[in-house]
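Visitor: Okay, so here is start_0.txt, and as you'll see once you scroll down, it has compact mmCIF, N, CA and C atoms.
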# COMPACT_ATOMS: atom_id res chain seq x y z
N MET S 1 12.05 -49.55 -36.66
CA MET S 1 11.06 -49.53 -37.70
C MET S 1 11.31 -48.40 -38.69
N ALA S 2 11.70 -47.24 -38.18
CA ALA S 2 11.94 -46.10 -39.06
C ALA S 2 13.08 -46.39 -40.03
N VAL S 3 14.12 -47.08 -39.56
CA VAL S 3 15.25 -47.42 -40.43
C VAL S 3 14.77 -48.35 -41.55
N ALA S 4 13.94 -49.32 -41.20
CA ALA S 4 13.43 -50.25 -42.21
C ALA S 4 12.59 -49.53 -43.25
N LEU S 5 11.75 -48.60 -42.83
CA LEU S 5 10.93 -47.84 -43.77
C LEU S 5 11.80 -46.95 -44.66
N ALA S 6 12.80 -46.31 -44.07
CA ALA S 6 13.68 -45.45 -44.86
C ALA S 6 14.49 -46.27 -45.85
N ARG S 7 14.84 -47.47 -45.46
CA ARG S 7 15.62 -48.33 -46.36
C ARG S 7 14.82 -48.73 -47.59
N LEU S 8 13.50 -48.83 -47.43
CA LEU S 8 12.63 -49.20 -48.55
C LEU S 8 12.37 -48.03 -49.50
N SER S 9 12.67 -46.84 -49.05
CA SER S 9 12.40 -45.66 -49.89
C SER S 9 13.72 -45.04 -50.33
N SER S 10 13.61 -44.04 -51.14
CA SER S 10 14.81 -43.32 -51.57
C SER S 10 15.03 -42.06 -50.74
N HIS S 11 14.23 -41.88 -49.71
CA HIS S 11 14.31 -40.68 -48.89
C HIS S 11 15.21 -40.90 -47.68
N PRO S 12 15.91 -39.86 -47.26
CA PRO S 12 16.75 -39.98 -46.06
C PRO S 12 15.89 -40.03 -44.80
N LEU S 13 16.48 -40.52 -43.74
CA LEU S 13 15.82 -40.60 -42.44
C LEU S 13 16.19 -39.38 -41.62
N LYS S 14 15.21 -38.78 -40.99
CA LYS S 14 15.44 -37.65 -40.08
C LYS S 14 15.05 -38.12 -38.69
N VAL S 15 16.02 -38.12 -37.76
CA VAL S 15 15.77 -38.54 -36.38
C VAL S 15 15.77 -37.29 -35.52
N VAL S 16 14.68 -37.09 -34.79
CA VAL S 16 14.53 -35.91 -33.94
C VAL S 16 14.35 -36.37 -32.50
N TYR S 17 15.12 -35.79 -31.60
CA TYR S 17 14.96 -36.06 -30.17
C TYR S 17 14.44 -34.79 -29.53
N VAL S 18 13.28 -34.88 -28.88
CA VAL S 18 12.70 -33.73 -28.19
C VAL S 18 12.96 -33.94 -26.71
N SER S 19 13.78 -33.08 -26.14
CA SER S 19 14.16 -33.19 -24.73
C SER S 19 13.35 -32.19 -23.91
N THR S 20 12.61 -32.72 -22.97
CA THR S 20 11.83 -31.87 -22.07
C THR S 20 12.21 -32.22 -20.65
N THR S 21 11.75 -31.44 -19.71
CA THR S 21 11.92 -31.81 -18.31
C THR S 21 10.82 -32.80 -17.96
N ARG S 22 10.91 -33.38 -16.82
CA ARG S 22 9.93 -34.38 -16.40
C ARG S 22 8.69 -33.77 -15.76
N GLU S 23 8.71 -32.48 -15.46
CA GLU S 23 7.55 -31.84 -14.86
C GLU S 23 6.76 -31.11 -15.94
N LYS S 24 5.45 -31.28 -15.92
CA LYS S 24 4.62 -30.65 -16.93
C LYS S 24 4.81 -29.14 -16.93
N GLY S 25 5.08 -28.61 -18.12
CA GLY S 25 5.24 -27.17 -18.27
C GLY S 25 6.57 -26.62 -17.81
N ALA S 26 7.42 -27.46 -17.23
CA ALA S 26 8.71 -26.98 -16.72
C ALA S 26 9.73 -26.87 -17.85
N ARG S 27 10.70 -26.05 -17.65
CA ARG S 27 11.79 -25.87 -18.60
C ARG S 27 13.10 -26.13 -17.88
N ARG S 28 14.14 -26.42 -18.63
CA ARG S 28 15.46 -26.56 -18.02
C ARG S 28 15.84 -25.24 -17.38
N LYS S 29 16.48 -25.31 -16.23
CA LYS S 29 16.85 -24.08 -15.52
C LYS S 29 17.88 -23.27 -16.28
N ARG S 30 18.84 -23.94 -16.91
CA ARG S 30 19.88 -23.24 -17.65
C ARG S 30 19.96 -23.83 -19.05
N ALA S 31 20.11 -22.97 -20.02
CA ALA S 31 20.23 -23.44 -21.41
C ALA S 31 21.46 -24.31 -21.59
N SER S 32 22.46 -24.12 -20.72
CA SER S 32 23.71 -24.86 -20.86
C SER S 32 23.68 -26.23 -20.17
N MET S 33 22.57 -26.60 -19.56
CA MET S 33 22.49 -27.90 -18.90
C MET S 33 22.83 -28.98 -19.90
N SER S 34 23.55 -29.98 -19.46
CA SER S 34 24.07 -31.01 -20.35
C SER S 34 22.96 -31.76 -21.08
N LEU S 35 23.18 -31.92 -22.36
CA LEU S 35 22.29 -32.73 -23.20
C LEU S 35 23.07 -33.93 -23.74
N ALA S 36 24.11 -34.33 -23.01
CA ALA S 36 24.99 -35.41 -23.46
C ALA S 36 24.22 -36.71 -23.68
N ASN S 37 23.29 -37.05 -22.80
CA ASN S 37 22.52 -38.28 -22.95
C ASN S 37 21.69 -38.25 -24.23
N GLU S 38 21.04 -37.13 -24.48
CA GLU S 38 20.22 -36.99 -25.68
C GLU S 38 21.08 -37.07 -26.94
N GLU S 39 22.24 -36.40 -26.90
CA GLU S 39 23.14 -36.42 -28.05
C GLU S 39 23.67 -37.83 -28.30
N SER S 40 23.92 -38.57 -27.23
CA SER S 40 24.39 -39.96 -27.36
C SER S 40 23.33 -40.84 -28.02
N ILE S 41 22.08 -40.64 -27.65
CA ILE S 41 20.98 -41.41 -28.24
C ILE S 41 20.88 -41.12 -29.74
N LEU S 42 21.03 -39.85 -30.12
CA LEU S 42 20.99 -39.50 -31.54
C LEU S 42 22.16 -40.13 -32.30
N LYS S 43 23.34 -40.15 -31.68
CA LYS S 43 24.50 -40.77 -32.33
C LYS S 43 24.27 -42.27 -32.54
N GLU S 44 23.67 -42.92 -31.55
CA GLU S 44 23.37 -44.35 -31.68
C GLU S 44 22.37 -44.60 -32.80
N ALA S 45 21.35 -43.76 -32.89
CA ALA S 45 20.35 -43.91 -33.96
C ALA S 45 20.99 -43.71 -35.33
N ALA S 46 21.86 -42.72 -35.43
CA ALA S 46 22.55 -42.47 -36.70
C ALA S 46 23.46 -43.64 -37.07
N ALA S 47 24.13 -44.20 -36.08
CA ALA S 47 25.01 -45.35 -36.34
C ALA S 47 24.20 -46.56 -36.80
N ALA S 48 23.04 -46.78 -36.20
CA ALA S 48 22.17 -47.90 -36.60
C ALA S 48 21.72 -47.72 -38.05
N ALA S 49 21.31 -46.52 -38.41
CA ALA S 49 20.88 -46.27 -39.78
C ALA S 49 22.04 -46.46 -40.75
N SER S 50 23.20 -46.01 -40.35
CA SER S 50 24.38 -46.13 -41.19
C SER S 50 24.73 -47.59 -41.48
N ARG S 51 24.55 -48.45 -40.49
CA ARG S 51 24.83 -49.88 -40.69
C ARG S 51 23.96 -50.48 -41.78
N TYR S 52 22.80 -49.88 -42.03
CA TYR S 52 21.88 -50.38 -43.06
C TYR S 52 21.90 -49.50 -44.30
N ASP S 53 22.95 -48.71 -44.45
CA ASP S 53 23.12 -47.83 -45.61
C ASP S 53 21.96 -46.87 -45.82
N VAL S 54 21.45 -46.33 -44.72
CA VAL S 54 20.37 -45.34 -44.79
C VAL S 54 20.96 -43.98 -44.48
N ASP S 55 20.73 -43.02 -45.38
CA ASP S 55 21.16 -41.65 -45.13
C ASP S 55 20.35 -41.10 -43.98
N VAL S 56 21.01 -40.47 -43.02
CA VAL S 56 20.31 -40.00 -41.83
C VAL S 56 20.84 -38.63 -41.40
N SER S 57 19.93 -37.82 -40.89
CA SER S 57 20.31 -36.57 -40.24
C SER S 57 19.61 -36.54 -38.89
N THR S 58 20.19 -35.83 -37.95
CA THR S 58 19.61 -35.79 -36.61
C THR S 58 19.36 -34.36 -36.19
N SER S 59 18.46 -34.22 -35.24
CA SER S 59 18.12 -32.91 -34.70
C SER S 59 17.73 -33.08 -33.25
N LEU S 60 18.19 -32.17 -32.41
CA LEU S 60 17.86 -32.19 -30.98
C LEU S 60 17.11 -30.91 -30.66
N ARG S 61 15.94 -31.06 -30.10
CA ARG S 61 15.15 -29.90 -29.67
C ARG S 61 15.01 -29.95 -28.17
N ALA S 62 15.59 -28.97 -27.49
CA ALA S 62 15.53 -28.90 -26.04
C ALA S 62 14.53 -27.84 -25.62
N ASN S 63 13.90 -28.09 -24.47
CA ASN S 63 12.94 -27.14 -23.92
C ASN S 63 11.80 -26.83 -24.88
N ALA S 64 11.31 -27.84 -25.52
CA ALA S 64 10.21 -27.64 -26.45
C ALA S 64 9.05 -28.55 -26.06
N ALA S 65 7.86 -28.08 -26.27
CA ALA S 65 6.70 -28.95 -26.08
C ALA S 65 6.76 -30.00 -27.18
N PRO S 66 6.72 -31.27 -26.82
CA PRO S 66 6.89 -32.33 -27.84
C PRO S 66 5.96 -32.18 -29.03
N GLU S 67 4.69 -31.90 -28.78
CA GLU S 67 3.74 -31.83 -29.89
C GLU S 67 4.09 -30.68 -30.84
N GLU S 68 4.55 -29.57 -30.31
CA GLU S 68 4.93 -28.44 -31.16
C GLU S 68 6.21 -28.73 -31.94
N ALA S 69 7.19 -29.33 -31.26
CA ALA S 69 8.46 -29.63 -31.91
C ALA S 69 8.28 -30.65 -33.03
N ILE S 70 7.47 -31.66 -32.78
CA ILE S 70 7.23 -32.71 -33.80
C ILE S 70 6.52 -32.12 -35.01
N LEU S 71 5.46 -31.36 -34.76
CA LEU S 71 4.73 -30.76 -35.88
C LEU S 71 5.60 -29.80 -36.68
N GLN S 72 6.46 -29.05 -35.99
CA GLN S 72 7.34 -28.11 -36.69
C GLN S 72 8.36 -28.88 -37.55
N GLU S 73 8.89 -29.99 -37.03
CA GLU S 73 9.84 -30.79 -37.81
C GLU S 73 9.17 -31.39 -39.04
N ILE S 74 7.94 -31.88 -38.88
CA ILE S 74 7.21 -32.45 -40.01
C ILE S 74 6.98 -31.38 -41.07
N GLU S 75 6.55 -30.20 -40.62
CA GLU S 75 6.29 -29.11 -41.57
C GLU S 75 7.57 -28.67 -42.27
N THR S 76 8.65 -28.53 -41.52
CA THR S 76 9.92 -28.07 -42.08
C THR S 76 10.52 -29.08 -43.05
N SER S 77 10.47 -30.36 -42.67
CA SER S 77 11.13 -31.38 -43.49
C SER S 77 10.22 -31.99 -44.55
N GLY S 78 8.92 -31.82 -44.38
CA GLY S 78 7.99 -32.45 -45.30
C GLY S 78 7.90 -33.95 -45.11
N ALA S 79 8.23 -34.41 -43.91
CA ALA S 79 8.23 -35.85 -43.62
C ALA S 79 6.86 -36.47 -43.85
N ASP S 80 6.85 -37.58 -44.53
CA ASP S 80 5.62 -38.34 -44.76
C ASP S 80 6.04 -39.76 -45.14
N PRO S 81 5.93 -40.70 -44.27
CA PRO S 81 5.27 -40.71 -42.97
C PRO S 81 6.21 -40.24 -41.86
N ALA S 82 5.64 -40.06 -40.68
CA ALA S 82 6.41 -39.76 -39.48
C ALA S 82 6.24 -40.93 -38.52
N VAL S 83 7.35 -41.47 -38.05
CA VAL S 83 7.33 -42.59 -37.10
C VAL S 83 7.72 -42.02 -35.75
N LEU S 84 6.86 -42.19 -34.75
CA LEU S 84 7.09 -41.61 -33.43
C LEU S 84 7.41 -42.70 -32.42
N GLY S 85 8.24 -42.35 -31.45
CA GLY S 85 8.54 -43.24 -30.34
C GLY S 85 8.63 -42.39 -29.08
N VAL S 86 8.43 -43.01 -27.95
CA VAL S 86 8.48 -42.29 -26.68
C VAL S 86 9.26 -43.11 -25.66
N ASP S 87 9.68 -42.42 -24.61
CA ASP S 87 10.23 -43.14 -23.47
C ASP S 87 9.25 -42.97 -22.32
N ARG S 88 9.27 -43.94 -21.44
CA ARG S 88 8.37 -43.89 -20.29
C ARG S 88 8.96 -42.98 -19.24
N ILE S 89 8.17 -42.10 -18.69
CA ILE S 89 8.63 -41.21 -17.65
C ILE S 89 8.75 -42.00 -16.36
N GLN S 90 9.92 -41.95 -15.75
CA GLN S 90 10.18 -42.68 -14.50
C GLN S 90 9.15 -42.29 -13.44
N GLY S 91 8.64 -43.26 -12.76
CA GLY S 91 7.72 -43.01 -11.66
C GLY S 91 6.26 -42.92 -12.07
N GLU S 92 5.98 -42.82 -13.34
CA GLU S 92 4.60 -42.78 -13.79
C GLU S 92 4.23 -44.14 -14.37
N HIS S 93 3.03 -44.58 -14.13
CA HIS S 93 2.60 -45.89 -14.63
C HIS S 93 1.37 -45.76 -15.48
Represent the supplied structure as structure tokens.
Guide:
Amino acid sequence: MAVALARLSSHPLKVVYVSTTREKGARRKRASMSLANEESILKEAAAAASRYDVDVSTSLRANAAPEEAILQEIETSGADPAVLGVDRIQGEH
């Protein structure tokens, strides 16, 4: 949906992935822990936007509270509108 909206406007698309641990309030034990999966997802999103001739930039925020990271990205980029998506946490229903 975000690609379609960006395609209708003259503004570039900014894709942000906020990576957190699965435990509330927990942080990654080491800053160097692999973020390869998250980076791969961002590359796929950028490739999808590129196929539709949408200018795109990506950003990965690790060890951040999602609500804080999202609000900071909106404030920094001036995004309007912001399209949000989530993944389901394994084991929670």
Visitor: Work out how far atom C of Pro81 of chain S is from atom N of Glu67 of chain S, in Å to one decimal.
Guide: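 Between these atoms lies a distance of 15.6 Å.
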Visitor: From the list S:Val18, S:Ala4, S:Val56, S:Ile74, which residue is nearest Leu35 of chain S when using only C-alpha atoms?
Guide: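 Nearest candidate to Leu35 of chain S out of S:Val18, S:Ala4, S:Val56, S:Ile74: S:Val18.
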Visitor: Padding 8 Å on each side, edges along x, y and z: where is the centre of the box around the listed atoms of segment 73-88 of chain S, and how long are its edges in Å to one decimal? Output it as AutoDock Vina command-line options.
Guide:
--center_x 8.2 --center_y -36.0 --center_z -32.3 --size_x 21.9 --size_y 31.9 --size_z 42.1
Visitor: To one decimal place in Å, what is the distance between atom N of Arg61 of chain S and atom CA of Tyr17 of chain S?
Guide: 5.1 Å
Visitor: Could you tell me which of S:Asn63, S:Asp55, S:Ile41, S:Val16 comes closest to Ser77 of chain S if we count only C-alpha atoms?
Guide: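 Closest candidate: S:Val16.
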Visitor: Go through S:Ser34, S:Val54, S:Ala49, S:Leu5 one by one, measure the shortest atom-to-atom distance of each to Ser19 of chain S using only C-alpha atoms, and give the residue with the smallest value.
Guide: S:Ser34
Visitor: Suppose you want the space between atom CA of Ala48 of chain S and atom CA of Ser9 of chain S; what is it in Å?
Guide: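 Between atom CA of Ala48 of chain S and atom CA of Ser9 of chain S the gap works out to 16.6 Å.
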Visitor: Please return, as a list in words, all residues of segment 52-92 of chain S that DSSP assigns to strand (DSSP E) on the basis of the backbone.
Guide: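 Those in segment 52-92 of chain S that DSSP calls strand (DSSP E) are Val56, Ser57, Thr58, Ser59, Leu60, Arg61 and Ala62 of chain S.
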Visitor: Between S:Gln72, S:Ser57, S:Ser50, S:Ser40, which has the minimum distance to Leu13 of chain S (counting only C-alpha atoms)?
Guide: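 For Leu13 of chain S, the nearest of the given residues is S:Ser57.
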Visitor: Which residue, S:Glu38, S:Ala6, S:Met1, S:Leu84, has the smallest gap to Asp53 of chain S when you use all atoms listed in the file?
Guide: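 Comparing S:Glu38, S:Ala6, S:Met1, S:Leu84 against Asp53 of chain S, the winner is S:Ala6.
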